[in-house]
Amino acid sequence: MSVATLDLSRIAPAFTDPVRESQAVFREVMECMARPGRITRFDRAPQAPTGLEKAAGAVALTLFDFETLVWLDPALADSGAEAWIRFHCGCPLTTAGQESAFALVTDLAKAPNLAAFNQGDAKYPDRSTTVILQLPSLDGGPTVTLSGPGIQTTTDIAPQGLPQDFWTQIETNQAQFQFGVDVLLVAGDQLLALPRTTTAQIKGG
Amino acid sequence: MSTPVPARANAPERYYNYAYLDEQTKRMIRRSILKALAIPGYQVPFGSREMPVPYGWGTGGIQLTAAIIGPDDVYKCIDQGADDTTNAVSIRRFFANVADVATTEDTGEATIIQTRHRIPEKPLKEGQVLIYQVPQPEPLRGLEARETETRAMHAYEEYGLQYVSLYENVSTYGRIAATAGYPVMVEERYLMSPSPIPKFDNPKMAKNEAVMLFGAGREKRIYAVPPFTRVRSLDFEDYPFETQTWEETCALCGAKDSYLDEVILDDAGDKMFVCSDSHHCAERRAAGHVGPMAGHSLDQDAALKEPAQ
């Protein structure tokens, strides 16, 4: 994108009350990160521009800022969504997944492997990327059983449209703890979290 | 002379941003909280800010609360189990003031409980967040002064030194002598300081239903234990972990199973044992439980409500 020009008339509004709304969104994201598989809904989040949906937009507005290097899906390059994120979050963008604090994946067919992002440092595993994957839906897909910290016994989820070998990638990711990325699955106005501690088992698989 | 008109609670013109911290600081802390939850027991460094109270008064806990609190929350703050101590009252008023939240002493109805050195007696549930004020987040600091070294010890799960220290306790005192800040292992991976809670409270951390966040302001660290997470107090097969027990019961409510504080009453050495958790004790007394010294003048004091501002 040509940098200097940003056509403000074409940038959609973000939160009407950024303080209260980002707090409400964060609190839900926190509960989801603490309870993997729990699905939350951001029905009052602002409409995000084409290419992004409400939940992905709400997470970006809540967590991205000038301190976070963001890997934005090439499908969103030069789009209204990119301009919207650049304007409202003020975050630097990168094409190097290894360096990013957040990655926002929307083109699932071309989604990079989770291993392509920052896996963290042995002494600072918190420096790994948080990967946000935007899916068609968080239900209706094959059922997967989750267990691990934050889950009392097990919990079932059935997200739809995940990349081919996603659950194998999650298995590899979980096995290399304390390294690993943390994943947020979003669809429409819904979100669920898969931190690196969560074990996934495909039903009947 | 005109008297200044105080700003109304919800007035848009406040002297500080909602919940005191600026939005960028909150985002930074929020990101640290998410990583802390994803790596249970691991200490996430964060850019701790100057707060309007000195270090050691709960700056870490206050920053965590400020980053997560919203107007729909119900806030409780305890200091050594008590709702009515100076520190707890000040912090509770601070958030009533800067975050427009309802405050309570009732453990059951609180959504955020900030605590200094106790876990409430009443079991916590989903929807509640317990925020610990932590003076020293590094359990190994007493054994190894260098941060570069302790960080490597955590990275490579090199916890032999901690066990040697516990063994030295056994050889010197015949038991593991630590009674507060007793080290725990989280999900069999990270050694963690539970903050200086009495070891009586350690078992409550394991498989707790609430989200537990730990904040150390001076040391600039945040860590967390998600719900339903394994937390094990370190011990040896032949010297198993044990909690404190008392021969006495609470003098006011007669509780046999709560953590008791010893209170000296006069120069003659008279004393009483009372529940450290003031709300637990008050609730039991309201339910008709009577201890051996019920009706004592301290009984009324404990039921005092915070005066209206």
# chains A, B, ... in the order shown; residues from 1 in each chain; ligands from 1
>>> residues_around(residues="B:Ala251", least_positions_apart="6", cutoff="7 Å", atoms="only C-alpha atoms", output="mmCIF file with N, CA and C atoms, in the first residue's frame")
data_model
loop_
_atom_site.group_PDB
_atom_site.id
_atom_site.type_symbol
_atom_site.label_atom_id
_atom_site.label_comp_id
_atom_site.auth_asym_id
_atom_site.auth_seq_id
_atom_site.Cartn_x
_atom_site.Cartn_y
_atom_site.Cartn_z
ATOM 1 N N MET B 272 -7.340 -14.381 71.915
ATOM 2 C CA MET B 272 -8.434 -15.085 71.252
ATOM 3 C C MET B 272 -7.982 -15.475 69.854
ATOM 4 N N PHE B 273 -8.607 -16.526 69.309
ATOM 5 C CA PHE B 273 -8.362 -16.917 67.923
ATOM 6 C C PHE B 273 -9.613 -16.575 67.127
ATOM 7 N N VAL B 274 -9.436 -15.841 66.038
ATOM 8 C CA VAL B 274 -10.597 -15.494 65.206
ATOM 9 C C VAL B 274 -10.299 -15.807 63.743
ATOM 10 N N GLY B 291 -19.329 -18.740 68.867
ATOM 11 C CA GLY B 291 -18.054 -19.202 69.391
ATOM 12 C C GLY B 291 -17.978 -18.966 70.887
ATOM 13 N N PRO B 292 -16.901 -19.446 71.540
ATOM 14 C CA PRO B 292 -16.786 -19.344 73.002
ATOM 15 C C PRO B 292 -16.743 -17.905 73.516
ATOM 16 N N MET B 293 -16.345 -16.931 72.700
ATOM 17 C CA MET B 293 -16.272 -15.548 73.184
ATOM 18 C C MET B 293 -17.266 -14.651 72.447
ATOM 19 N N ALA B 294 -18.337 -15.238 71.935
ATOM 20 C CA ALA B 294 -19.350 -14.453 71.216
ATOM 21 C C ALA B 294 -19.860 -13.348 72.127
#
>>> residues_around(residues="B:Asp201", least_positions_apart="6", cutoff="10 Å", atoms="only C-alpha atoms", output="list in words")
His117, Arg118, Ile119, Pro120, Glu121, Ala180, Gly181, Tyr182, Pro194, Thr243, Gln244, Ser258 and Tyr259 of chain B
>>> write_last_selection(atoms="C-alpha atoms", output="PDB file, in the first residue's frame")
ATOM      1  CA  HIS B 117      -2.126 -12.945  51.207  1.00  0.00           C
ATOM      2  CA  ARG B 118      -5.323 -15.025  51.573  1.00  0.00           C
ATOM      3  CA  ILE B 119      -7.748 -17.048  49.478  1.00  0.00           C
ATOM      4  CA  PRO B 120     -11.319 -16.614  50.785  1.00  0.00           C
ATOM      5  CA  GLU B 121     -12.758 -19.568  52.707  1.00  0.00           C
ATOM      6  CA  ALA B 180       3.575 -18.903  53.859  1.00  0.00           C
ATOM      7  CA  GLY B 181       4.609 -18.485  50.240  1.00  0.00           C
ATOM      8  CA  TYR B 182       5.051 -22.251  50.108  1.00  0.00           C
ATOM      9  CA  PRO B 194       1.699 -18.596  45.395  1.00  0.00           C
ATOM     10  CA  THR B 243      -1.489 -27.544  56.130  1.00  0.00           C
ATOM     11  CA  GLN B 244      -1.746 -25.740  59.443  1.00  0.00           C
ATOM     12  CA  SER B 258     -11.047 -21.806  58.799  1.00  0.00           C
ATOM     13  CA  TYR B 259      -7.672 -20.069  59.004  1.00  0.00           C
TER      14      TYR B 259
END
>>> closest_atom_pairs(of="chain A", to="chain B", cutoff="8 Å", atoms="only C-alpha atoms", output="CSV")
residue,atom,partner,partner_atom,distance
A:Val19,CA,B:Glu23,CA,7.1
A:Arg20,CA,B:Gly70,CA,6.9
A:Gln23,CA,B:Gly70,CA,6.4
A:Ala24,CA,B:Gly70,CA,7.0
A:Phe26,CA,B:Arg30,CA,7.3
A:Arg27,CA,B:Ile68,CA,6.3
A:Met30,CA,B:Leu34,CA,6.2
A:Glu31,CA,B:Val211,CA,7.8
A:Met33,CA,B:Leu34,CA,6.5
A:Ala34,CA,B:Pro226,CA,5.0
A:Arg35,CA,B:Pro227,CA,7.1
A:Thr62,CA,B:Arg27,CA,7.0
A:Leu63,CA,B:Arg27,CA,5.8
A:Phe64,CA,B:Arg27,CA,7.8
A:Asp65,CA,B:Gln24,CA,7.6
A:Ala122,CA,B:Ala155,CA,5.2
A:Lys123,CA,B:Ala155,CA,4.9
A:Tyr124,CA,B:Val44,CA,7.8
A:Pro125,CA,B:Ile39,CA,7.9
A:Asp126,CA,B:Lys35,CA,5.5
A:Gly148,CA,B:Thr229,CA,7.8
A:Pro149,CA,B:Thr229,CA,4.7
A:Gly150,CA,B:Pro227,CA,4.6
A:Ile151,CA,B:Phe228,CA,5.9
A:Gln152,CA,B:Phe228,CA,5.4
A:Gln178,CA,B:Ile39,CA,7.1
A:Asp182,CA,B:Ala38,CA,7.0
A:Pro195,CA,B:Ala38,CA,5.1
A:Arg196,CA,B:Ala38,CA,6.3
A:Thr197,CA,B:Ala38,CA,6.6
>>> residues_around(residues="B:Ile176", least_positions_apart="4", cutoff="12 Å", atoms="only C-alpha atoms", output="PyMOL selection string")
chain B and resi 162-172+180+182-183+199+233-236+238-243
>>> write_last_selection(atoms="N, CA and C atoms", output="tab-separated table (two decimals), in the first residue's frame")
chain	number	residue	atom	x	y	z
B	162	GLN	N	15.66	-25.90	44.50
B	162	GLN	CA	14.49	-25.73	45.37
B	162	GLN	C	14.32	-26.96	46.27
B	163	TYR	N	14.51	-28.14	45.68
B	163	TYR	CA	14.36	-29.36	46.48
B	163	TYR	C	15.47	-29.47	47.52
B	164	VAL	N	16.69	-29.03	47.15
B	164	VAL	CA	17.79	-29.05	48.13
B	164	VAL	C	17.41	-28.15	49.31
B	165	SER	N	16.81	-26.99	48.99
B	165	SER	CA	16.42	-26.07	50.04
B	165	SER	C	15.39	-26.70	50.98
B	166	LEU	N	14.41	-27.40	50.39
B	166	LEU	CA	13.41	-28.07	51.23
B	166	LEU	C	14.06	-29.18	52.06
B	167	TYR	N	15.03	-29.88	51.44
B	167	TYR	CA	15.72	-30.95	52.16
B	167	TYR	C	16.50	-30.39	53.35
B	168	GLU	N	17.14	-29.23	53.13
B	168	GLU	CA	17.89	-28.60	54.22
B	168	GLU	C	16.96	-28.24	55.37
B	169	ASN	N	15.74	-27.82	55.02
B	169	ASN	CA	14.72	-27.56	56.03
B	169	ASN	C	14.47	-28.81	56.87
B	170	VAL	N	14.27	-29.92	56.17
B	170	VAL	CA	13.97	-31.17	56.86
B	170	VAL	C	15.14	-31.57	57.77
B	171	SER	N	16.38	-31.42	57.26
B	171	SER	CA	17.52	-31.84	58.07
B	171	SER	C	17.75	-30.91	59.25
B	172	THR	N	17.37	-29.64	59.12
B	172	THR	CA	17.58	-28.68	60.21
B	172	THR	C	16.44	-28.72	61.22
B	180	ALA	N	4.25	-19.79	54.81
B	180	ALA	CA	3.57	-18.90	53.86
B	180	ALA	C	4.45	-18.79	52.63
B	182	TYR	N	4.55	-20.88	50.30
B	182	TYR	CA	5.05	-22.25	50.11
B	182	TYR	C	5.04	-22.60	48.61
B	183	PRO	N	6.20	-22.92	48.01
B	183	PRO	CA	6.27	-23.04	46.54
B	183	PRO	C	5.40	-24.15	45.97
B	199	LYS	N	0.25	-21.56	53.82
B	199	LYS	CA	0.18	-22.82	53.08
B	199	LYS	C	-1.17	-23.50	53.27
B	233	SER	N	1.70	-28.55	45.77
B	233	SER	CA	2.68	-28.01	46.72
B	233	SER	C	3.84	-29.00	46.80
B	234	LEU	N	5.06	-28.49	46.74
B	234	LEU	CA	6.23	-29.37	46.72
B	234	LEU	C	6.36	-30.12	48.04
B	235	ASP	N	6.78	-31.35	47.99
B	235	ASP	CA	7.04	-32.11	49.21
B	235	ASP	C	7.88	-33.33	48.89
B	236	PHE	N	8.11	-34.16	49.87
B	236	PHE	CA	8.82	-35.42	49.68
B	236	PHE	C	7.89	-36.56	50.07
B	238	ASP	N	8.38	-39.01	52.02
B	238	ASP	CA	8.39	-39.28	53.46
B	238	ASP	C	8.10	-38.02	54.28
B	239	TYR	N	8.03	-36.87	53.64
B	239	TYR	CA	7.64	-35.64	54.34
B	239	TYR	C	6.55	-34.95	53.52
B	240	PRO	N	5.35	-35.54	53.53
B	240	PRO	CA	4.28	-35.01	52.68
B	240	PRO	C	3.85	-33.61	53.10
B	241	PHE	N	3.30	-32.88	52.14
B	241	PHE	CA	2.78	-31.54	52.39
B	241	PHE	C	1.64	-31.59	53.40
B	242	GLU	N	1.69	-30.69	54.37
B	242	GLU	CA	0.61	-30.61	55.36
B	242	GLU	C	0.22	-29.16	55.55
B	243	THR	N	-1.06	-28.91	55.85
B	243	THR	CA	-1.49	-27.54	56.13
B	243	THR	C	-1.54	-27.33	57.64
>>> select_by_dssp(residues="stretch 19-268 of chain B", states="helix (DSSP H, G or I)", output="PyMOL selection string")
chain B and resi 23-38+59-68+86-99+147-155+160-173+199-205
>>> select_by_dssp(residues="stretch 21-206 of chain B", states="strand (DSSP E or B)", output="ChimeraX atom specification")
/B:44-45,74-79,82,102-103,112-116,129-133,180,184-186,190-192,198
>>> write_last_selection(atoms="C-alpha atoms", output="PDB file, in the first residue's frame")
ATOM      1  CA  VAL B  44       5.403 -12.546  32.080  1.00  0.00           C
ATOM      2  CA  PRO B  45       7.430  -9.311  32.275  1.00  0.00           C
ATOM      3  CA  VAL B  74     -18.680  -6.053  41.753  1.00  0.00           C
ATOM      4  CA  TYR B  75     -15.387  -5.508  43.511  1.00  0.00           C
ATOM      5  CA  LYS B  76     -14.113  -6.933  46.763  1.00  0.00           C
ATOM      6  CA  CYS B  77     -10.700  -6.283  48.289  1.00  0.00           C
ATOM      7  CA  ILE B  78      -9.192  -8.121  51.231  1.00  0.00           C
ATOM      8  CA  ASP B  79      -6.003  -7.761  53.196  1.00  0.00           C
ATOM      9  CA  ALA B  82     -10.134  -8.931  56.183  1.00  0.00           C
ATOM     10  CA  ALA B 102     -20.169  -1.525  43.052  1.00  0.00           C
ATOM     11  CA  THR B 103     -18.130  -2.810  45.986  1.00  0.00           C
ATOM     12  CA  ILE B 112     -13.333  -9.426  41.036  1.00  0.00           C
ATOM     13  CA  ILE B 113     -11.637 -10.155  44.353  1.00  0.00           C
ATOM     14  CA  GLN B 114      -8.290  -8.506  44.932  1.00  0.00           C
ATOM     15  CA  THR B 115      -6.395 -10.144  47.747  1.00  0.00           C
ATOM     16  CA  ARG B 116      -3.326  -9.647  49.801  1.00  0.00           C
ATOM     17  CA  VAL B 129     -11.450 -13.463  39.100  1.00  0.00           C
ATOM     18  CA  LEU B 130      -9.070 -13.639  42.054  1.00  0.00           C
ATOM     19  CA  ILE B 131      -6.229 -11.104  41.830  1.00  0.00           C
ATOM     20  CA  TYR B 132      -3.245 -11.617  44.103  1.00  0.00           C
ATOM     21  CA  GLN B 133      -0.890  -8.858  45.209  1.00  0.00           C
ATOM     22  CA  ALA B 180       3.575 -18.903  53.859  1.00  0.00           C
ATOM     23  CA  VAL B 184       3.970 -24.848  44.125  1.00  0.00           C
ATOM     24  CA  MET B 185       4.387 -26.619  40.802  1.00  0.00           C
ATOM     25  CA  VAL B 186       1.865 -25.614  38.147  1.00  0.00           C
ATOM     26  CA  TYR B 190       6.552 -24.158  36.158  1.00  0.00           C
ATOM     27  CA  LEU B 191       7.616 -23.600  39.735  1.00  0.00           C
ATOM     28  CA  MET B 192       5.523 -20.729  41.087  1.00  0.00           C
ATOM     29  CA  PRO B 198      -0.484 -19.277  54.239  1.00  0.00           C
TER      30      PRO B 198
END
